[in-house]
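Novice: Sharing data.cif (mmCIF, C-alpha atoms) below.
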```cif
data_input
loop_
_atom_site.label_atom_id
_atom_site.label_comp_id
_atom_site.auth_asym_id
_atom_site.auth_seq_id
_atom_site.Cartn_x
_atom_site.Cartn_y
_atom_site.Cartn_z
CA ALA A 1 54.16 139.44 83.48
CA GLN A 2 55.10 138.01 80.10
CA THR A 3 52.37 138.70 77.59
CA VAL A 4 51.81 139.03 73.86
CA THR A 5 49.14 141.30 72.42
CA GLN A 6 47.75 141.14 68.91
CA SER A 7 45.36 144.04 68.63
CA GLN A 8 43.75 143.04 65.33
CA PRO A 9 41.40 140.06 65.79
CA GLU A 10 40.54 140.03 62.08
CA MET A 11 42.00 141.53 58.93
CA SER A 12 41.40 141.19 55.24
CA VAL A 13 43.50 142.02 52.20
CA GLN A 14 43.09 141.81 48.46
CA GLU A 15 45.12 139.22 46.64
CA ALA A 16 48.54 140.57 45.52
CA GLU A 17 48.46 143.42 48.04
CA THR A 18 50.51 143.91 51.19
CA VAL A 19 49.26 143.56 54.73
CA THR A 20 50.88 144.12 58.11
CA LEU A 21 49.86 142.27 61.26
CA SER A 22 50.80 143.91 64.52
CA CYS A 23 52.17 142.34 67.68
CA THR A 24 53.49 143.79 70.91
CA TYR A 25 54.92 141.88 73.83
CA ASP A 26 55.95 142.53 77.37
CA THR A 27 58.91 141.04 79.19
CA SER A 28 61.68 142.26 81.45
CA GLU A 29 64.06 139.68 79.99
CA ASN A 30 66.70 140.65 77.46
CA ASN A 31 67.33 137.32 75.74
CA TYR A 32 64.45 135.85 73.83
CA TYR A 33 63.22 134.69 70.45
CA LEU A 34 60.18 135.86 68.53
CA PHE A 35 58.02 133.85 66.18
CA TRP A 36 55.08 134.13 63.84
CA TYR A 37 53.07 130.95 63.38
CA LYS A 38 50.31 130.39 60.83
CA GLN A 39 47.35 128.06 61.27
CA PRO A 40 45.37 127.50 58.06
CA PRO A 41 41.76 126.35 58.45
CA SER A 42 41.64 122.78 59.83
CA ARG A 43 45.39 122.36 59.52
CA GLN A 44 48.44 122.30 61.75
CA MET A 45 50.20 125.39 63.05
CA ILE A 46 53.37 126.03 61.06
CA LEU A 47 56.24 128.45 61.55
CA VAL A 48 56.30 131.48 59.27
CA ILE A 49 59.32 133.36 60.55
CA ARG A 50 61.67 133.53 63.53
CA GLN A 51 63.76 136.38 64.95
CA GLU A 52 66.47 136.33 67.60
CA ALA A 53 66.12 139.38 69.85
CA TYR A 54 69.87 140.03 69.86
CA LYS A 55 69.88 140.50 66.08
CA GLN A 56 69.09 144.00 64.91
CA GLN A 57 68.52 142.93 61.33
CA ASN A 58 64.91 142.11 60.58
CA ALA A 59 64.22 138.53 59.49
CA THR A 60 62.80 137.86 56.04
CA GLU A 61 61.46 134.69 54.51
CA ASN A 62 60.40 135.13 50.88
CA ARG A 63 57.21 137.25 50.94
CA PHE A 64 57.21 137.44 54.74
CA SER A 65 59.24 139.96 56.70
CA VAL A 66 59.16 141.40 60.19
CA ASN A 67 59.66 144.85 61.65
CA PHE A 68 61.32 144.21 65.01
CA GLN A 69 61.55 147.20 67.32
CA LYS A 70 63.14 145.93 70.51
CA ALA A 71 62.86 149.15 72.51
CA ALA A 72 59.17 149.41 71.66
CA LYS A 73 58.67 145.65 72.15
CA SER A 74 57.00 145.43 68.79
CA PHE A 75 57.21 142.61 66.25
CA SER A 76 54.96 143.12 63.24
CA LEU A 77 54.64 140.77 60.27
CA LYS A 78 54.44 142.06 56.72
CA ILE A 79 53.06 139.82 53.99
CA SER A 80 53.81 141.06 50.49
CA ASP A 81 52.00 139.96 47.34
CA SER A 82 49.29 138.22 49.40
CA GLN A 83 48.05 134.91 48.06
CA LEU A 84 44.80 133.05 48.70
CA GLY A 85 46.81 130.39 50.53
CA ASP A 86 47.86 132.98 53.10
CA THR A 87 44.33 132.87 54.53
CA ALA A 88 44.85 131.62 58.08
CA MET A 89 45.02 132.50 61.75
CA TYR A 90 48.38 134.11 62.54
CA PHE A 91 49.88 133.85 66.00
CA CYS A 92 52.70 135.95 67.36
CA ALA A 93 54.77 134.27 70.08
CA PHE A 94 57.95 134.66 72.06
CA MET A 95 60.26 132.38 73.95
CA ILE A 96 62.47 133.47 76.82
CA TYR A 97 65.98 132.06 76.96
CA ASN A 98 66.38 129.33 79.58
CA GLN A 99 62.69 128.60 80.08
CA GLY A 100 62.59 125.17 78.54
CA GLY A 101 61.31 126.26 75.15
CA LYS A 102 58.06 127.69 76.51
CA LEU A 103 56.24 129.65 73.81
CA ILE A 104 53.96 132.49 74.93
CA PHE A 105 51.30 133.21 72.35
CA GLY A 106 49.12 136.16 71.44
CA GLN A 107 45.41 135.82 70.78
CA GLY A 108 45.83 135.52 67.04
CA THR A 109 44.79 137.55 64.00
CA GLU A 110 42.49 135.94 61.47
CA LEU A 111 43.62 137.00 58.01
CA SER A 112 41.40 136.61 54.95
CA VAL A 113 42.88 137.09 51.51
CA LYS A 114 40.17 138.01 49.01
CA PRO A 115 40.37 137.34 45.28
CA GLU B 1 57.66 115.39 55.07
CA PRO B 2 57.73 114.23 58.70
CA GLU B 3 54.98 115.55 60.92
CA VAL B 4 53.66 115.34 64.44
CA THR B 5 50.55 113.20 64.81
CA GLN B 6 48.00 113.12 67.62
CA THR B 7 45.29 110.67 68.60
CA PRO B 8 42.40 110.78 69.05
CA SER B 9 41.27 113.83 67.12
CA HIS B 10 38.30 114.21 69.46
CA GLN B 11 37.79 112.76 72.92
CA VAL B 12 34.61 113.04 74.93
CA THR B 13 34.73 112.09 78.60
CA GLN B 14 32.76 112.42 81.79
CA MET B 15 33.92 114.73 84.56
CA GLY B 16 36.20 112.88 86.98
CA GLN B 17 37.40 110.34 84.42
CA GLU B 18 41.02 109.89 83.42
CA VAL B 19 42.08 110.64 79.86
CA ILE B 20 45.30 110.00 77.98
CA LEU B 21 46.11 112.07 74.94
CA ARG B 22 48.69 110.60 72.60
CA CYS B 23 51.27 112.20 70.36
CA VAL B 24 53.92 110.83 68.04
CA PRO B 25 56.63 113.49 67.66
CA ILE B 26 58.98 113.75 64.70
CA SER B 27 61.42 110.87 65.04
CA ASN B 28 64.75 112.68 65.49
CA HIS B 29 63.37 115.37 67.80
CA LEU B 30 64.42 115.45 71.43
CA TYR B 31 62.22 118.21 72.89
CA PHE B 32 58.50 117.74 73.43
CA TYR B 33 55.73 120.08 74.45
CA TRP B 34 52.04 120.23 75.28
CA TYR B 35 49.89 123.32 74.82
CA ARG B 36 46.17 123.85 75.13
CA GLN B 37 43.67 126.30 73.72
CA ILE B 38 40.34 126.83 75.39
CA LEU B 39 37.75 127.92 72.81
CA GLY B 40 38.14 131.60 72.03
CA GLN B 41 41.25 132.02 74.17
CA LYS B 42 45.00 132.05 73.65
CA VAL B 43 47.17 129.01 73.10
CA GLU B 44 48.71 128.30 76.52
CA PHE B 45 51.88 126.43 77.37
CA LEU B 46 51.47 123.42 79.66
CA VAL B 47 54.78 121.59 79.81
CA SER B 48 58.09 120.90 78.08
CA PHE B 49 59.96 117.61 78.30
CA TYR B 50 63.54 116.66 77.50
CA ASN B 51 65.74 113.70 78.36
CA ASN B 52 62.83 111.98 80.16
CA GLU B 53 62.30 114.91 82.49
CA ILE B 54 60.01 117.89 82.67
CA SER B 55 62.04 121.01 81.74
CA GLU B 56 59.41 123.61 82.43
CA LYS B 57 55.75 123.59 83.41
CA SER B 58 53.07 126.23 83.80
CA GLU B 59 50.72 126.88 86.73
CA ILE B 60 48.03 125.04 84.78
CA PHE B 61 50.08 121.84 84.89
CA ASP B 62 49.14 120.78 88.41
CA ASP B 63 49.13 117.36 90.09
CA GLN B 64 46.23 116.26 87.90
CA PHE B 65 48.48 116.33 84.83
CA SER B 66 51.39 114.09 83.94
CA VAL B 67 53.48 113.40 80.86
CA GLU B 68 55.35 110.33 79.76
CA ARG B 69 57.41 109.01 76.89
CA PRO B 70 56.61 105.34 77.41
CA ASP B 71 58.29 103.69 74.46
CA GLY B 72 60.66 106.08 72.68
CA SER B 73 58.12 107.11 70.06
CA ASN B 74 54.93 108.19 71.84
CA PHE B 75 54.58 111.19 74.11
CA THR B 76 51.47 111.22 76.27
CA LEU B 77 49.56 113.69 78.40
CA LYS B 78 47.42 112.20 81.15
CA ILE B 79 44.73 114.07 83.04
CA ARG B 80 43.83 112.02 86.12
CA SER B 81 40.44 113.42 87.04
CA THR B 82 39.03 115.67 84.36
CA LYS B 83 37.14 118.85 85.15
CA LEU B 84 34.72 120.79 82.98
CA GLU B 85 37.34 123.51 82.56
CA ASP B 86 39.77 121.02 81.01
CA SER B 87 37.65 121.12 77.83
CA ALA B 88 40.01 122.52 75.21
CA MET B 89 42.08 121.73 72.15
CA TYR B 90 45.36 120.12 73.20
CA PHE B 91 48.37 120.52 70.92
CA CYS B 92 51.54 118.47 71.04
CA ALA B 93 54.75 119.86 69.55
CA SER B 94 58.34 118.72 69.11
CA SER B 95 61.65 120.31 68.15
CA ASP B 96 65.26 119.30 67.54
CA GLY B 97 66.63 122.10 69.69
CA VAL B 98 65.13 124.00 72.61
CA TYR B 99 65.25 127.35 70.76
CA ASN B 100 64.40 125.92 67.36
CA GLU B 101 61.15 125.73 65.47
CA GLN B 102 58.47 123.73 67.23
CA PHE B 103 56.44 121.48 64.93
CA PHE B 104 52.84 121.19 66.03
CA GLY B 105 50.37 118.35 65.72
CA PRO B 106 46.79 118.86 64.55
CA GLY B 107 45.43 118.79 68.10
CA THR B 108 43.02 116.68 70.15
CA ARG B 109 39.74 118.28 71.04
CA LEU B 110 38.83 117.23 74.59
CA THR B 111 35.24 117.67 75.70
CA VAL B 112 34.47 117.08 79.36
CA LEU B 113 30.76 116.59 80.15
#
```
Can you give me the file's structure in the form of structure tokens?

Specialist:
Amino acid sequence: AQTVTQSQPEMSVQEAETVTLSCTYDTSENNYYLFWYKQPPSRQMILVIRQEAYKQQNATENRFSVNFQKAAKSFSLKISDSQLGDTAMYFCAFMIYNQGGKLIFGQGTELSVKP
Amino acid sequence: EPEVTQTPSHQVTQMGQEVILRCVPISNHLYFYWYRQILGQKVEFLVSFYNNEISEKSEIFDDQFSVERPDGSNFTLKIRSTKLEDSAMYFCASSDGVYNEQFFGPGTRLTVL
């Protein structure tokens, strides 16, 4: 079965601090892509960061970075210098190569950034 | 900035009725998707569509569902005979490459009574 698990339904962090959201996934495939999407309240889901599974180097995008551990099937998201605008639902997802772009999502982690 | 749009934002229908959910993908995108999220559950893939054909579909996407790109700009999801369990938020997405970022619309909330 291909599944994504986000074990933290809710998290909170103080503004300017760092928070890590966890994600594990399960697949027997070797070629896939991993994503973190963010859904702010009442707004569209937008991509935060993307990682190709064949790349060992962890992806970074400004204040957002991932810790990708392929053997452990773990893909956590670190948000540095948290800002109030980071308050959102965060979804971890993966996409298997050659499956028509199908994204498999986790349940989401609701992050609140407190002033 | 271009974005994916969906209409209506909320649709209420009676069980057994047909509904059509509409999406306008980003204009230069070639890959189109539908996902749904039942309240309190995960976002689930329904179908992907490229070159006027279904590329991939999930077990949820049975004979009651169909997709169409009728006029080169809209992308529609039709549910022929709605069931109570079809009540969910339906998201359309599009991308310019099958492994590239998918851009999501704001969703249509479907309520089946």

Novice: Starting from the shown file, work through the PyMOL selection byres ((chain A) within 7 of (chain B)) and note down what comes out as a PyMOL selection string.

Specialist: chain A and resi 43-47+99-107

Novice: Using the chain letters and numbers from the file, give me the residues hit by the PyMOL selection byres ((chain B and resi 19) around 12), as a PDB file with C-alpha atoms, in the coordinates of the input.

Specialist:
```pdb
ATOM      1  CA  THR B   7      45.290 110.670  68.600  1.00  0.00           C
ATOM      2  CA  PRO B   8      42.400 110.780  69.050  1.00  0.00           C
ATOM      3  CA  HIS B  10      38.300 114.210  69.460  1.00  0.00           C
ATOM      4  CA  GLN B  11      37.790 112.760  72.920  1.00  0.00           C
ATOM      5  CA  VAL B  12      34.610 113.040  74.930  1.00  0.00           C
ATOM      6  CA  THR B  13      34.730 112.090  78.600  1.00  0.00           C
ATOM      7  CA  GLN B  14      32.760 112.420  81.790  1.00  0.00           C
ATOM      8  CA  MET B  15      33.920 114.730  84.560  1.00  0.00           C
ATOM      9  CA  GLY B  16      36.200 112.880  86.980  1.00  0.00           C
ATOM     10  CA  GLN B  17      37.400 110.340  84.420  1.00  0.00           C
ATOM     11  CA  GLU B  18      41.020 109.890  83.420  1.00  0.00           C
ATOM     12  CA  ILE B  20      45.300 110.000  77.980  1.00  0.00           C
ATOM     13  CA  LEU B  21      46.110 112.070  74.940  1.00  0.00           C
ATOM     14  CA  ARG B  22      48.690 110.600  72.600  1.00  0.00           C
ATOM     15  CA  GLN B  64      46.230 116.260  87.900  1.00  0.00           C
ATOM     16  CA  PHE B  65      48.480 116.330  84.830  1.00  0.00           C
ATOM     17  CA  SER B  66      51.390 114.090  83.940  1.00  0.00           C
ATOM     18  CA  VAL B  67      53.480 113.400  80.860  1.00  0.00           C
ATOM     19  CA  THR B  76      51.470 111.220  76.270  1.00  0.00           C
ATOM     20  CA  LEU B  77      49.560 113.690  78.400  1.00  0.00           C
ATOM     21  CA  LYS B  78      47.420 112.200  81.150  1.00  0.00           C
ATOM     22  CA  ILE B  79      44.730 114.070  83.040  1.00  0.00           C
ATOM     23  CA  ARG B  80      43.830 112.020  86.120  1.00  0.00           C
ATOM     24  CA  SER B  81      40.440 113.420  87.040  1.00  0.00           C
ATOM     25  CA  THR B  82      39.030 115.670  84.360  1.00  0.00           C
ATOM     26  CA  LYS B  83      37.140 118.850  85.150  1.00  0.00           C
ATOM     27  CA  ASP B  86      39.770 121.020  81.010  1.00  0.00           C
ATOM     28  CA  SER B  87      37.650 121.120  77.830  1.00  0.00           C
ATOM     29  CA  THR B 108      43.020 116.680  70.150  1.00  0.00           C
ATOM     30  CA  ARG B 109      39.740 118.280  71.040  1.00  0.00           C
ATOM     31  CA  LEU B 110      38.830 117.230  74.590  1.00  0.00           C
ATOM     32  CA  THR B 111      35.240 117.670  75.700  1.00  0.00           C
ATOM     33  CA  VAL B 112      34.470 117.080  79.360  1.00  0.00           C
TER      34      VAL B 112
END
```

Novice: So how far away is CA of Ser9 in chain B from CA of Cys92 in chain A, in Å?

Specialist: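 If I compute the distance from CA of Cys92 in chain A to CA of Ser9 in chain B, I get 24.9 Å.
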
Novice: I need the residue set behind the PyMOL selection byres ((chain A and resi 34-40) around 7) for this file; please write it as a PyMOL selection string.

Specialist: chain A and resi 32-33+41-52+87-95

Novice: With C-alpha atoms kept, could you save the residues just selected as a PDB file, in the frame of the given file?

Specialist:
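Dumped to out31.pdb:
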```pdb
ATOM      1  CA  TYR A  32      64.450 135.850  73.830  1.00  0.00           C
ATOM      2  CA  TYR A  33      63.220 134.690  70.450  1.00  0.00           C
ATOM      3  CA  PRO A  41      41.760 126.350  58.450  1.00  0.00           C
ATOM      4  CA  SER A  42      41.640 122.780  59.830  1.00  0.00           C
ATOM      5  CA  ARG A  43      45.390 122.360  59.520  1.00  0.00           C
ATOM      6  CA  GLN A  44      48.440 122.300  61.750  1.00  0.00           C
ATOM      7  CA  MET A  45      50.200 125.390  63.050  1.00  0.00           C
ATOM      8  CA  ILE A  46      53.370 126.030  61.060  1.00  0.00           C
ATOM      9  CA  LEU A  47      56.240 128.450  61.550  1.00  0.00           C
ATOM     10  CA  VAL A  48      56.300 131.480  59.270  1.00  0.00           C
ATOM     11  CA  ILE A  49      59.320 133.360  60.550  1.00  0.00           C
ATOM     12  CA  ARG A  50      61.670 133.530  63.530  1.00  0.00           C
ATOM     13  CA  GLN A  51      63.760 136.380  64.950  1.00  0.00           C
ATOM     14  CA  GLU A  52      66.470 136.330  67.600  1.00  0.00           C
ATOM     15  CA  THR A  87      44.330 132.870  54.530  1.00  0.00           C
ATOM     16  CA  ALA A  88      44.850 131.620  58.080  1.00  0.00           C
ATOM     17  CA  MET A  89      45.020 132.500  61.750  1.00  0.00           C
ATOM     18  CA  TYR A  90      48.380 134.110  62.540  1.00  0.00           C
ATOM     19  CA  PHE A  91      49.880 133.850  66.000  1.00  0.00           C
ATOM     20  CA  CYS A  92      52.700 135.950  67.360  1.00  0.00           C
ATOM     21  CA  ALA A  93      54.770 134.270  70.080  1.00  0.00           C
ATOM     22  CA  PHE A  94      57.950 134.660  72.060  1.00  0.00           C
ATOM     23  CA  MET A  95      60.260 132.380  73.950  1.00  0.00           C
TER      24      MET A  95
END
```

Novice: Of the residues A:Ser65, A:Gln57, A:Gln2, A:Ser80, which is the one nearest to Thr24 in chain A, using only C-alpha atoms?

Specialist: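 Among A:Ser65, A:Gln57, A:Gln2, A:Ser80, it is A:Gln2 that comes nearest to Thr24 in chain A.
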
Novice: Could you tell me which of B:Asn52, B:Gln6, B:Gln37, B:Ala88 comes closest to Gly72 in chain B if we count all atoms listed in the file?

Specialist: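 Closest to Gly72 in chain B, using all atoms listed in the file: B:Asn52.
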
Novice: Taking into account all atoms listed in the file, which residue in the set A:Val19, A:Ala53, A:Met11, A:Val113 is nearest to Tyr97 in chain A?

Specialist: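 Counting all atoms listed in the file, the residue closest to Tyr97 in chain A is A:Ala53.
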
Novice: Which distance in Å separates CA of Thr18 in chain A and CA of Leu111 in chain A, to one decimal?

Specialist: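 If I compute the distance from CA of Thr18 in chain A to CA of Leu111 in chain A, I get 11.9 Å.
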
Novice: Name the closest residue to Cys92 in chain B among the candidates B:Glu68, B:Cys23, B:Asn51, B:Asn28; distances are taken between atoms, counting all atoms listed in the file.

Specialist: B:Cys23

Novice: So which one's closest to Gln14 in chain A, A:Gln83, A:Thr109, A:Asn98, A:Ser74? Using only C-alpha atoms, please.

Specialist: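 Smallest distance to Gln14 in chain A is found for A:Gln83.
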
Novice: May I ask for the distance between CA of Leu39 in chain B and CA of Met89 in chain B, given in Å to one decimal place?

Specialist: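 These two atoms are separated by 7.6 Å.
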
Novice: Tell me which of A:Ser22, A:Gln8, A:Ser112, A:Asn30 sits closest to Phe68 in chain A, counting all atoms listed in the file.

Specialist: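 Of A:Ser22, A:Gln8, A:Ser112, A:Asn30, the one nearest Phe68 in chain A, counting all atoms listed in the file, is A:Ser22.
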
Novice: So which residues are close to (52.3, 141.6, 62.3), meaning at most 7 Å away in the file's coordinates with all atoms listed in the file counted, and can you show them as a list in words?

Specialist: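 Here is the list of nearby residues: Thr20, Leu21, Ser22, Cys23, Phe75, Ser76, Leu77 and Lys78 of chain A.
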
Novice: Kindly reconstruct range 73-106 of chain A with N, CA and C atoms and present the result as a PDB file, keeping the file's coordinate frame.

Specialist:
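Once everything was written out, this is result34.pdb:
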```pdb
ATOM      1  N   LYS A  73      59.220 146.997  71.957  1.00  0.00           N
ATOM      2  CA  LYS A  73      58.670 145.650  72.150  1.00  0.00           C
ATOM      3  C   LYS A  73      57.562 145.382  71.144  1.00  0.00           C
ATOM      4  N   SER A  74      57.949 145.587  69.891  1.00  0.00           N
ATOM      5  CA  SER A  74      57.000 145.430  68.790  1.00  0.00           C
ATOM      6  C   SER A  74      57.593 144.482  67.756  1.00  0.00           C
ATOM      7  N   PHE A  75      56.737 143.630  67.187  1.00  0.00           N
ATOM      8  CA  PHE A  75      57.210 142.610  66.250  1.00  0.00           C
ATOM      9  C   PHE A  75      56.110 142.381  65.217  1.00  0.00           C
ATOM     10  N   SER A  76      56.042 143.233  64.221  1.00  0.00           N
ATOM     11  CA  SER A  76      54.960 143.120  63.240  1.00  0.00           C
ATOM     12  C   SER A  76      55.391 142.251  62.060  1.00  0.00           C
ATOM     13  N   LEU A  77      54.409 141.658  61.422  1.00  0.00           N
ATOM     14  CA  LEU A  77      54.640 140.770  60.270  1.00  0.00           C
ATOM     15  C   LEU A  77      54.066 141.427  59.027  1.00  0.00           C
ATOM     16  N   LYS A  78      54.896 141.541  58.000  1.00  0.00           N
ATOM     17  CA  LYS A  78      54.440 142.060  56.720  1.00  0.00           C
ATOM     18  C   LYS A  78      54.383 140.930  55.713  1.00  0.00           C
ATOM     19  N   ILE A  79      53.230 140.822  55.059  1.00  0.00           N
ATOM     20  CA  ILE A  79      53.060 139.820  53.990  1.00  0.00           C
ATOM     21  C   ILE A  79      52.912 140.595  52.693  1.00  0.00           C
ATOM     22  N   SER A  80      53.846 140.389  51.791  1.00  0.00           N
ATOM     23  CA  SER A  80      53.810 141.060  50.490  1.00  0.00           C
ATOM     24  C   SER A  80      53.178 140.135  49.454  1.00  0.00           C
ATOM     25  N   ASP A  81      52.572 140.744  48.427  1.00  0.00           N
ATOM     26  CA  ASP A  81      52.000 139.960  47.340  1.00  0.00           C
ATOM     27  C   ASP A  81      51.110 138.824  47.889  1.00  0.00           C
ATOM     28  N   SER A  82      50.139 139.208  48.712  1.00  0.00           N
ATOM     29  CA  SER A  82      49.290 138.220  49.400  1.00  0.00           C
ATOM     30  C   SER A  82      48.673 137.227  48.438  1.00  0.00           C
ATOM     31  N   GLN A  83      48.637 135.977  48.866  1.00  0.00           N
ATOM     32  CA  GLN A  83      48.050 134.910  48.060  1.00  0.00           C
ATOM     33  C   GLN A  83      46.882 134.283  48.812  1.00  0.00           C
ATOM     34  N   LEU A  84      45.977 133.650  48.061  1.00  0.00           N
ATOM     35  CA  LEU A  84      44.800 133.050  48.700  1.00  0.00           C
ATOM     36  C   LEU A  84      45.209 132.052  49.781  1.00  0.00           C
ATOM     37  N   GLY A  85      46.326 131.365  49.561  1.00  0.00           N
ATOM     38  CA  GLY A  85      46.810 130.390  50.530  1.00  0.00           C
ATOM     39  C   GLY A  85      47.342 130.996  51.822  1.00  0.00           C
ATOM     40  N   ASP A  86      47.432 132.313  51.863  1.00  0.00           N
ATOM     41  CA  ASP A  86      47.860 132.980  53.100  1.00  0.00           C
ATOM     42  C   ASP A  86      46.695 133.122  54.077  1.00  0.00           C
ATOM     43  N   THR A  87      45.493 132.817  53.636  1.00  0.00           N
ATOM     44  CA  THR A  87      44.330 132.870  54.530  1.00  0.00           C
ATOM     45  C   THR A  87      44.538 131.901  55.683  1.00  0.00           C
ATOM     46  N   ALA A  88      44.533 132.433  56.906  1.00  0.00           N
ATOM     47  CA  ALA A  88      44.850 131.620  58.080  1.00  0.00           C
ATOM     48  C   ALA A  88      44.730 132.473  59.329  1.00  0.00           C
ATOM     49  N   MET A  89      44.844 131.809  60.479  1.00  0.00           N
ATOM     50  CA  MET A  89      45.020 132.500  61.750  1.00  0.00           C
ATOM     51  C   MET A  89      46.528 132.648  61.952  1.00  0.00           C
ATOM     52  N   TYR A  90      46.964 133.844  62.312  1.00  0.00           N
ATOM     53  CA  TYR A  90      48.380 134.110  62.540  1.00  0.00           C
ATOM     54  C   TYR A  90      48.612 134.421  64.019  1.00  0.00           C
ATOM     55  N   PHE A  91      49.549 133.674  64.591  1.00  0.00           N
ATOM     56  CA  PHE A  91      49.880 133.850  66.000  1.00  0.00           C
ATOM     57  C   PHE A  91      51.294 134.388  66.156  1.00  0.00           C
ATOM     58  N   CYS A  92      51.406 135.426  66.956  1.00  0.00           N
ATOM     59  CA  CYS A  92      52.700 135.950  67.360  1.00  0.00           C
ATOM     60  C   CYS A  92      53.077 135.270  68.682  1.00  0.00           C
ATOM     61  N   ALA A  93      54.358 134.951  68.859  1.00  0.00           N
ATOM     62  CA  ALA A  93      54.770 134.270  70.080  1.00  0.00           C
ATOM     63  C   ALA A  93      56.201 134.641  70.431  1.00  0.00           C
ATOM     64  N   PHE A  94      56.550 134.529  71.702  1.00  0.00           N
ATOM     65  CA  PHE A  94      57.950 134.660  72.060  1.00  0.00           C
ATOM     66  C   PHE A  94      58.360 133.606  73.056  1.00  0.00           C
ATOM     67  N   MET A  95      59.669 133.417  73.131  1.00  0.00           N
ATOM     68  CA  MET A  95      60.260 132.380  73.950  1.00  0.00           C
ATOM     69  C   MET A  95      61.439 132.981  74.690  1.00  0.00           C
ATOM     70  N   ILE A  96      61.381 132.926  76.015  1.00  0.00           N
ATOM     71  CA  ILE A  96      62.470 133.470  76.820  1.00  0.00           C
ATOM     72  C   ILE A  96      63.599 132.440  76.887  1.00  0.00           C
ATOM     73  N   TYR A  97      64.808 132.921  76.819  1.00  0.00           N
ATOM     74  CA  TYR A  97      65.980 132.060  76.960  1.00  0.00           C
ATOM     75  C   TYR A  97      65.938 131.368  78.326  1.00  0.00           C
ATOM     76  N   ASN A  98      66.276 130.098  78.332  1.00  0.00           N
ATOM     77  CA  ASN A  98      66.380 129.330  79.580  1.00  0.00           C
ATOM     78  C   ASN A  98      65.042 129.059  80.275  1.00  0.00           C
ATOM     79  N   GLN A  99      63.987 128.980  79.505  1.00  0.00           N
ATOM     80  CA  GLN A  99      62.690 128.600  80.080  1.00  0.00           C
ATOM     81  C   GLN A  99      62.126 127.382  79.372  1.00  0.00           C
ATOM     82  N   GLY A 100      63.030 126.476  79.023  1.00  0.00           N
ATOM     83  CA  GLY A 100      62.590 125.170  78.540  1.00  0.00           C
ATOM     84  C   GLY A 100      61.825 125.169  77.245  1.00  0.00           C
ATOM     85  N   GLY A 101      61.996 126.223  76.442  1.00  0.00           N
ATOM     86  CA  GLY A 101      61.310 126.260  75.150  1.00  0.00           C
ATOM     87  C   GLY A 101      59.866 126.694  75.225  1.00  0.00           C
ATOM     88  N   LYS A 102      59.453 127.266  76.347  1.00  0.00           N
ATOM     89  CA  LYS A 102      58.060 127.690  76.510  1.00  0.00           C
ATOM     90  C   LYS A 102      57.747 128.810  75.524  1.00  0.00           C
ATOM     91  N   LEU A 103      56.731 128.614  74.716  1.00  0.00           N
ATOM     92  CA  LEU A 103      56.240 129.650  73.810  1.00  0.00           C
ATOM     93  C   LEU A 103      55.063 130.354  74.476  1.00  0.00           C
ATOM     94  N   ILE A 104      55.079 131.682  74.438  1.00  0.00           N
ATOM     95  CA  ILE A 104      53.960 132.490  74.930  1.00  0.00           C
ATOM     96  C   ILE A 104      53.299 133.113  73.724  1.00  0.00           C
ATOM     97  N   PHE A 105      52.024 132.822  73.561  1.00  0.00           N
ATOM     98  CA  PHE A 105      51.300 133.210  72.350  1.00  0.00           C
ATOM     99  C   PHE A 105      50.403 134.420  72.569  1.00  0.00           C
ATOM    100  N   GLY A 106      50.171 135.162  71.479  1.00  0.00           N
ATOM    101  CA  GLY A 106      49.120 136.160  71.440  1.00  0.00           C
ATOM    102  C   GLY A 106      47.796 135.499  71.081  1.00  0.00           C
TER     103      GLY A 106
END
```
